[in-house]
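As stored in target.pdb (PDB, C-alpha atoms):
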ATOM      1  CA  MET E  14      52.703 -31.506 -24.540
ATOM      2  CA  ALA E  15      53.364 -32.087 -28.256
ATOM      3  CA  PHE E  16      55.380 -28.848 -28.408
ATOM      4  CA  LEU E  17      57.575 -29.907 -25.478
ATOM      5  CA  LEU E  18      58.242 -33.308 -27.013
ATOM      6  CA  ALA E  19      59.291 -31.619 -30.248
ATOM      7  CA  LEU E  20      61.964 -29.651 -28.345
ATOM      8  CA  LEU E  21      63.611 -32.756 -26.879
ATOM      9  CA  PRO E  22      67.229 -33.282 -28.018
ATOM     10  CA  PHE E  23      66.503 -36.842 -29.148
ATOM     11  CA  PRO E  24      64.013 -37.950 -31.838
ATOM     12  CA  ALA E  25      60.433 -37.626 -30.614
ATOM     13  CA  PRO E  26      58.407 -40.844 -30.477
ATOM     14  CA  ALA E  27      55.876 -41.523 -33.205
ATOM     15  CA  ALA E  28      52.595 -39.734 -32.570
ATOM     16  CA  GLU E  29      49.162 -41.288 -32.886
ATOM     17  CA  PRO E  30      46.525 -38.579 -33.566
ATOM     18  CA  TYR E  31      42.978 -39.012 -32.322
ATOM     19  CA  VAL E  32      39.709 -37.205 -31.597
ATOM     20  CA  PHE E  33      37.362 -37.880 -28.709
ATOM     21  CA  VAL E  34      34.012 -37.133 -27.146
ATOM     22  CA  GLU E  35      33.590 -37.434 -23.375
ATOM     23  CA  GLY E  36      30.494 -37.248 -21.222
ATOM     24  CA  GLY E  37      29.807 -37.596 -17.539
ATOM     25  CA  VAL E  38      28.179 -36.226 -14.419
ATOM     26  CA  ALA E  39      29.563 -34.294 -11.454
ATOM     27  CA  TRP E  40      28.461 -33.479  -7.924
ATOM     28  CA  SER E  41      29.629 -30.267  -6.283
ATOM     29  CA  PHE E  42      31.471 -30.616  -2.988
ATOM     30  CA  ASP E  43      30.678 -27.025  -2.013
ATOM     31  CA  ARG E  44      26.910 -27.161  -1.343
ATOM     32  CA  SER E  45      26.757 -25.207   1.921
ATOM     33  CA  ASN E  46      27.373 -21.620   2.986
ATOM     34  CA  SER E  47      31.146 -21.563   2.491
ATOM     35  CA  ASP E  48      30.527 -19.279  -0.488
ATOM     36  CA  GLU E  49      27.574 -17.286  -1.822
ATOM     37  CA  VAL E  50      26.419 -19.726  -4.512
ATOM     38  CA  GLU E  51      24.807 -22.850  -3.081
ATOM     39  CA  PHE E  52      24.897 -25.813  -5.426
ATOM     40  CA  GLY E  53      22.259 -28.513  -5.434
ATOM     41  CA  ASP E  54      22.487 -32.129  -4.320
ATOM     42  CA  GLU E  55      21.653 -33.402  -7.792
ATOM     43  CA  PRO E  56      24.449 -34.134 -10.274
ATOM     44  CA  GLY E  57      25.248 -31.800 -13.127
ATOM     45  CA  GLY E  58      26.080 -32.831 -16.660
ATOM     46  CA  SER E  59      29.401 -32.559 -18.474
ATOM     47  CA  LEU E  60      30.280 -32.882 -22.167
ATOM     48  CA  SER E  61      33.678 -32.501 -23.849
ATOM     49  CA  ILE E  62      35.168 -32.839 -27.317
ATOM     50  CA  GLY E  63      38.811 -32.620 -28.266
ATOM     51  CA  ILE E  64      41.828 -33.659 -30.289
ATOM     52  CA  GLY E  65      45.062 -35.205 -29.138
ATOM     53  CA  GLN E  66      48.196 -37.160 -29.926
ATOM     54  CA  ARG E  67      49.467 -40.251 -28.155
ATOM     55  CA  TYR E  68      53.214 -40.779 -27.806
ATOM     56  CA  SER E  69      54.459 -44.273 -27.061
ATOM     57  CA  ILE E  70      57.281 -44.375 -24.525
ATOM     58  CA  ALA E  71      59.498 -47.323 -23.561
ATOM     59  CA  ASN E  72      58.391 -50.016 -21.122
ATOM     60  CA  SER E  73      54.629 -49.925 -21.796
ATOM     61  CA  TRP E  74      54.266 -46.201 -21.038
ATOM     62  CA  SER E  75      52.563 -43.589 -23.203
ATOM     63  CA  ILE E  76      51.751 -39.883 -22.910
ATOM     64  CA  ASP E  77      48.730 -38.108 -24.406
ATOM     65  CA  GLY E  78      48.681 -34.392 -25.175
ATOM     66  CA  GLU E  79      45.215 -32.894 -25.805
ATOM     67  CA  ALA E  80      43.247 -29.752 -26.497
ATOM     68  CA  GLN E  81      39.710 -29.984 -25.103
ATOM     69  CA  MET E  82      36.521 -27.931 -25.108
ATOM     70  CA  ILE E  83      34.252 -28.634 -22.151
ATOM     71  CA  GLY E  84      30.785 -27.561 -21.087
ATOM     72  CA  GLN E  85      28.946 -28.215 -17.813
ATOM     73  CA  ILE E  86      25.556 -27.408 -16.320
ATOM     74  CA  LEU E  87      25.136 -27.598 -12.524
ATOM     75  CA  PRO E  88      21.905 -27.218 -10.494
ATOM     76  CA  LEU E  89      21.656 -24.401  -7.928
ATOM     77  CA  HIS E  90      19.620 -24.346  -4.728
ATOM     78  CA  GLY E  91      20.347 -20.940  -3.258
ATOM     79  CA  ARG E  92      22.020 -17.556  -3.327
ATOM     80  CA  ASN E  93      23.434 -17.033   0.138
ATOM     81  CA  ASP E  94      24.589 -13.422  -0.202
ATOM     82  CA  GLN E  95      20.932 -12.341  -0.505
ATOM     83  CA  ARG E  96      19.588 -14.985   1.926
ATOM     84  CA  GLU E  97      17.547 -16.463  -0.869
ATOM     85  CA  ALA E  98      15.966 -19.630   0.477
ATOM     86  CA  THR E  99      15.917 -21.459  -2.826
ATOM     87  CA  ALA E 100      17.122 -21.166  -6.376
ATOM     88  CA  ASP E 101      15.501 -24.372  -7.607
ATOM     89  CA  GLY E 102      15.221 -24.412 -11.373
ATOM     90  CA  ARG E 103      18.278 -22.213 -11.761
ATOM     91  CA  GLU E 104      21.634 -23.420 -12.998
ATOM     92  CA  LEU E 105      25.274 -22.504 -13.220
ATOM     93  CA  TRP E 106      26.875 -23.236 -16.560
ATOM     94  CA  LEU E 107      30.553 -23.489 -17.411
ATOM     95  CA  ALA E 108      32.407 -23.399 -20.740
ATOM     96  CA  GLY E 109      36.161 -23.910 -20.885
ATOM     97  CA  LEU E 110      39.157 -24.738 -23.037
ATOM     98  CA  THR E 111      41.879 -26.861 -21.447
ATOM     99  CA  VAL E 112      45.205 -28.368 -22.435
ATOM    100  CA  ASN E 113      45.481 -31.866 -20.974
ATOM    101  CA  GLY E 114      48.251 -34.364 -20.348
ATOM    102  CA  TRP E 115      47.650 -38.022 -19.484
ATOM    103  CA  ALA E 116      50.260 -40.655 -18.626
ATOM    104  CA  ALA E 117      49.231 -44.274 -19.193
ATOM    105  CA  TYR E 118      50.659 -47.689 -18.381
ATOM    106  CA  ALA E 119      49.617 -50.638 -20.564
ATOM    107  CA  LEU E 120      48.618 -53.746 -18.619
ATOM    108  CA  ASP E 121      48.442 -55.718 -21.874
ATOM    109  CA  GLU E 122      47.644 -55.057 -25.549
ATOM    110  CA  GLN E 123      44.083 -53.906 -24.773
ATOM    111  CA  TRP E 124      43.916 -52.557 -21.213
ATOM    112  CA  SER E 125      45.792 -49.665 -19.637
ATOM    113  CA  LEU E 126      45.605 -47.400 -16.604
ATOM    114  CA  TYR E 127      46.003 -43.627 -16.909
ATOM    115  CA  ALA E 128      46.129 -40.478 -14.787
ATOM    116  CA  GLY E 129      46.719 -36.779 -15.377
ATOM    117  CA  GLY E 130      44.847 -33.536 -15.814
ATOM    118  CA  GLY E 131      44.594 -30.201 -17.556
ATOM    119  CA  ALA E 132      44.152 -26.465 -17.144
ATOM    120  CA  GLY E 133      42.841 -23.503 -19.078
ATOM    121  CA  PRO E 134      40.504 -20.507 -19.181
ATOM    122  CA  ALA E 135      36.771 -20.796 -18.595
ATOM    123  CA  VAL E 136      33.579 -18.750 -18.345
ATOM    124  CA  VAL E 137      30.830 -19.385 -15.786
ATOM    125  CA  GLY E 138      27.301 -18.011 -15.799
ATOM    126  CA  ALA E 139      24.607 -17.810 -13.115
ATOM    127  CA  PHE E 140      21.807 -15.459 -11.967
ATOM    128  CA  GLY E 141      21.855 -13.698 -15.355
ATOM    129  CA  SER E 142      25.554 -12.836 -15.269
ATOM    130  CA  THR E 143      28.831 -14.300 -16.551
ATOM    131  CA  ALA E 144      32.422 -14.164 -15.313
ATOM    132  CA  ALA E 145      35.834 -15.334 -16.482
ATOM    133  CA  THR E 146      37.773 -17.813 -14.360
ATOM    134  CA  ALA E 147      40.370 -20.584 -14.538
ATOM    135  CA  LEU E 148      39.524 -24.284 -14.766
ATOM    136  CA  LEU E 149      41.608 -27.217 -13.513
ATOM    137  CA  ILE E 150      40.824 -30.859 -14.285
ATOM    138  CA  GLY E 151      42.365 -33.960 -12.737
ATOM    139  CA  GLY E 152      41.572 -37.625 -12.816
ATOM    140  CA  GLY E 153      42.321 -41.082 -14.099
ATOM    141  CA  GLY E 154      40.758 -44.331 -15.166
ATOM    142  CA  VAL E 155      40.939 -47.464 -17.287
ATOM    143  CA  ARG E 156      41.258 -47.593 -21.073
ATOM    144  CA  TYR E 157      40.129 -50.391 -23.357
ATOM    145  CA  ASP E 158      41.593 -50.555 -26.860
ATOM    146  CA  PRO E 159      40.210 -53.491 -28.884
ATOM    147  CA  GLY E 160      42.804 -52.908 -31.623
ATOM    148  CA  GLY E 161      40.818 -50.977 -34.224
ATOM    149  CA  ALA E 162      40.231 -47.271 -34.681
ATOM    150  CA  ILE E 163      37.750 -47.038 -31.775
ATOM    151  CA  GLY E 164      38.781 -46.997 -28.114
ATOM    152  CA  PHE E 165      36.918 -46.554 -24.830
ATOM    153  CA  ASP E 166      37.698 -45.456 -21.325
ATOM    154  CA  VAL E 167      35.892 -45.163 -18.009
ATOM    155  CA  GLY E 168      37.269 -42.939 -15.275
ATOM    156  CA  GLY E 169      36.689 -40.193 -12.780
ATOM    157  CA  ARG E 170      37.226 -36.446 -13.087
ATOM    158  CA  TYR E 171      37.774 -33.695 -10.538
ATOM    159  CA  TYR E 172      36.850 -30.137 -11.608
ATOM    160  CA  TRP E 173      37.897 -26.913  -9.888
ATOM    161  CA  THR E 174      37.373 -23.271 -10.852
ATOM    162  CA  ALA E 175      39.130 -20.293  -9.328
ATOM    163  CA  PRO E 176      36.860 -18.196  -7.060
ATOM    164  CA  THR E 177      34.945 -15.612  -9.055
ATOM    165  CA  SER E 178      31.856 -13.423  -8.753
ATOM    166  CA  VAL E 179      28.686 -13.965 -10.803
ATOM    167  CA  ASN E 180      26.137 -11.167 -10.464
ATOM    168  CA  GLY E 181      27.709 -10.178  -7.157
ATOM    169  CA  ALA E 182      27.705 -13.687  -5.679
ATOM    170  CA  GLU E 183      31.029 -15.380  -4.993
ATOM    171  CA  SER E 184      31.338 -18.835  -6.533
ATOM    172  CA  ARG E 185      33.875 -21.498  -5.585
ATOM    173  CA  TYR E 186      33.050 -24.556  -7.606
ATOM    174  CA  ASP E 187      34.696 -27.935  -7.272
ATOM    175  CA  GLY E 188      33.166 -31.282  -8.049
ATOM    176  CA  PHE E 189      33.821 -34.885  -8.913
ATOM    177  CA  GLY E 190      32.087 -37.536 -10.973
ATOM    178  CA  PRO E 191      32.426 -40.450 -13.406
ATOM    179  CA  SER E 192      33.368 -39.916 -17.042
ATOM    180  CA  PHE E 193      32.963 -41.998 -20.192
ATOM    181  CA  ARG E 194      35.037 -41.421 -23.317
ATOM    182  CA  LEU E 195      34.886 -42.620 -26.924
ATOM    183  CA  THR E 196      38.088 -42.165 -28.945
ATOM    184  CA  TYR E 197      38.698 -42.426 -32.677
ATOM    185  CA  SER E 198      42.322 -42.901 -33.765
ATOM    186  CA  PHE E 199      43.614 -41.838 -37.176
ATOM    187  CA  ASP E 200      46.709 -44.054 -36.891
ATOM    188  CA  GLN E 201      46.276 -46.672 -39.600
ATOM    189  CA  ARG E 202      48.970 -48.816 -38.006
ATOM    190  CA  ARG E 203      46.345 -49.837 -35.467
ATOM    191  CA  SER E 204      44.251 -51.435 -38.201
ATOM    192  CA  PRO E 205      44.983 -55.130 -38.935
ATOM    193  CA  ASP E 206      43.763 -54.627 -42.530
ATOM    194  CA  ALA E 207      46.139 -51.731 -43.050
ATOM    195  CA  ALA E 208      49.043 -53.708 -41.608
ATOM    196  CA  ALA E 209      48.284 -56.662 -43.913
ATOM    197  CA  SER E 210      48.057 -54.338 -46.897
ATOM    198  CA  ALA E 211      51.406 -52.759 -46.043
ATOM    199  CA  SER E 212      53.084 -56.169 -45.787
ATOM    200  CA  THR E 213      51.805 -57.251 -49.212
ATOM    201  CA  THR E 214      52.993 -54.047 -50.913
ATOM    202  CA  ARG E 215      56.500 -54.660 -49.563
TER     203      ARG E 215
END
Could you show the structure in this file as structure tokens?
Amino acid sequence: MAFLLALLPFPAPAAEPYVFVEGGVAWSFDRSNSDEVEFGDEPGGSLSIGIGQRYSIANSWSIDGEAQMIGQILPLHGRNDQREATADGRELWLAGLTVNGWAAYALDEQWSLYAGGGAGPAVVGAFGSTAATALLIGGGGVRYDPGGAIGFDVGGRYYWTAPTSVNGAESRYDGFGPSFRLTYSFDQRRSPDAAASASTTR
């Protein structure tokens, strides 16, 4: 996203760099026999960290470009290709790297709505084997920016991996769940103290 903005024929908007940590849970939609890996009814856990830049656009709009590392652990209940009745206590794990883009509309100086997604390579592991796949992420939510360096958002995420085989069992994972994000901005223009200091030096 940042690279594309740099190629625009007009001056790119000022960028606001930030880092974030995001956690959440996800339930798999594909729990039955539609593939050979049967996911459990319990939610799995998700944790992400990343860096990004926020570009302010006219009329209350902004665009975020991000690079994100994500990890997930999801409970399994069966392996259908071998008619295994239960796989309780076993898990499928996922590790991925995605490039994300989020468009946001500011409702006021503190609250905004956003939506977007990302894509990238990933690795999944289950039943003692690993496999490479592709990961897609989509979602949206509400952001709260109190005006300092720290920001928050609450939203929902949809996760999808391309069909792959782990230890001979075909896996088609997709899931959805709530997410919670903490963001730290390096843009000192957001700080009232920094703005006051800049005005006095002028």
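Taking CA of Ile86 (chain E) as the reference point, CA of Gly58 (chain E) is found at 5.5 Å.
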#### Entry: Output check: residues returned by the PyMOL selection byres ((chain E and resi 154-170) around 8), as a VMD selection string
chain E and resid 122 to 128 150 to 153 171 to 172 189 to 201 203 to 205
### Task
For Ala71 (chain E), list every protein, DNA or RNA residue within 12 Å, evaluated using all atoms listed in the file, and leave out those in the same chain fewer than 5 positions away; present the list as number ranges by chain.
E: 26-27, 76, 117-119
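Atom to atom, CA of Ala39 (chain E) and CA of Thr177 (chain E) stand 19.6 Å apart.
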### Message
I'd like the contact shell of Leu105 (chain E) - 7 Å cut-off, all atoms listed in the file, skipping same-chain residues fewer than 6 positions apart - returned as a ChimeraX atom specification.
### Response
/E:86-89,137-139
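By all atoms listed in the file, and with residues fewer than 5 positions from Ser142 (chain E) along its chain excluded, the set lying at most 12 Å from it is E:Glu104, E:Leu105, E:Trp106, E:Leu107, E:Val136, E:Val137, E:Thr177, E:Ser178, E:Val179, E:Asn180, E:Gly181, E:Ala182, E:Glu183.
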### Task
Could you jot down the CA of Arg67 (chain E) to CA of Gly109 (chain E) separation for me, Å, one decimal place?
22.3 Å
### Message
List as a ChimeraX atom specification the protein and nucleic acid residues near Leu149 (chain E), meaning an atom at most 7 Å away when all atoms listed in the file are counted, but skip any in the same chain fewer than 5 places from it.
### Response
/E:131-133,172-174
### Message
Counting all atoms listed in the file, which residues sit no farther than 9 Å from the position (24.4, -26.7, -7.6) in the file's frame? I'd like them as a PyMOL selection string.
### Response
chain E and resi 40-41+43-44+50-57+86-91+103-105+186
### Task
Using all atoms listed in the file, find the one residue out of E:Gly141, E:Gly130, E:Pro30, E:Pro176 that sits nearest to Ser69 (chain E).
E:Pro30
### Query
Which is closest to Thr146 (chain E) among E:Gly114, E:Pro134, E:Gly78, E:Gly129, if we use all atoms listed in the file?
E:Pro134
#### Entry: Among the residues E:Ser73, E:Tyr68, E:Asn113, E:Phe140, the one that comes closest to Glu49 (chain E) [using all atoms listed in the file]
E:Phe140
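Counting only C-alpha atoms and comparing E:Leu120, E:Phe42, E:Thr143, E:Leu148, the residue that lies closest to Ile83 (chain E) is E:Leu148.
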Non-local contacts of Gln66 (chain E) (8 Å; all atoms listed in the file; under 2 positions in same chain excluded) as a short mmCIF file (atom, residue, chain, number, x, y, z; two decimals) with C-alpha atoms, in the coordinates of the input:
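The result, written out as result_16.cif:
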data_model
loop_
_atom_site.label_atom_id
_atom_site.label_comp_id
_atom_site.auth_asym_id
_atom_site.auth_seq_id
_atom_site.Cartn_x
_atom_site.Cartn_y
_atom_site.Cartn_z
CA ALA E 15 53.36 -32.09 -28.26
CA ALA E 28 52.60 -39.73 -32.57
CA GLU E 29 49.16 -41.29 -32.89
CA PRO E 30 46.52 -38.58 -33.57
CA TYR E 31 42.98 -39.01 -32.32
CA ILE E 64 41.83 -33.66 -30.29
CA TYR E 68 53.21 -40.78 -27.81
CA ASP E 77 48.73 -38.11 -24.41
CA GLY E 78 48.68 -34.39 -25.18
CA GLU E 79 45.22 -32.89 -25.80
#
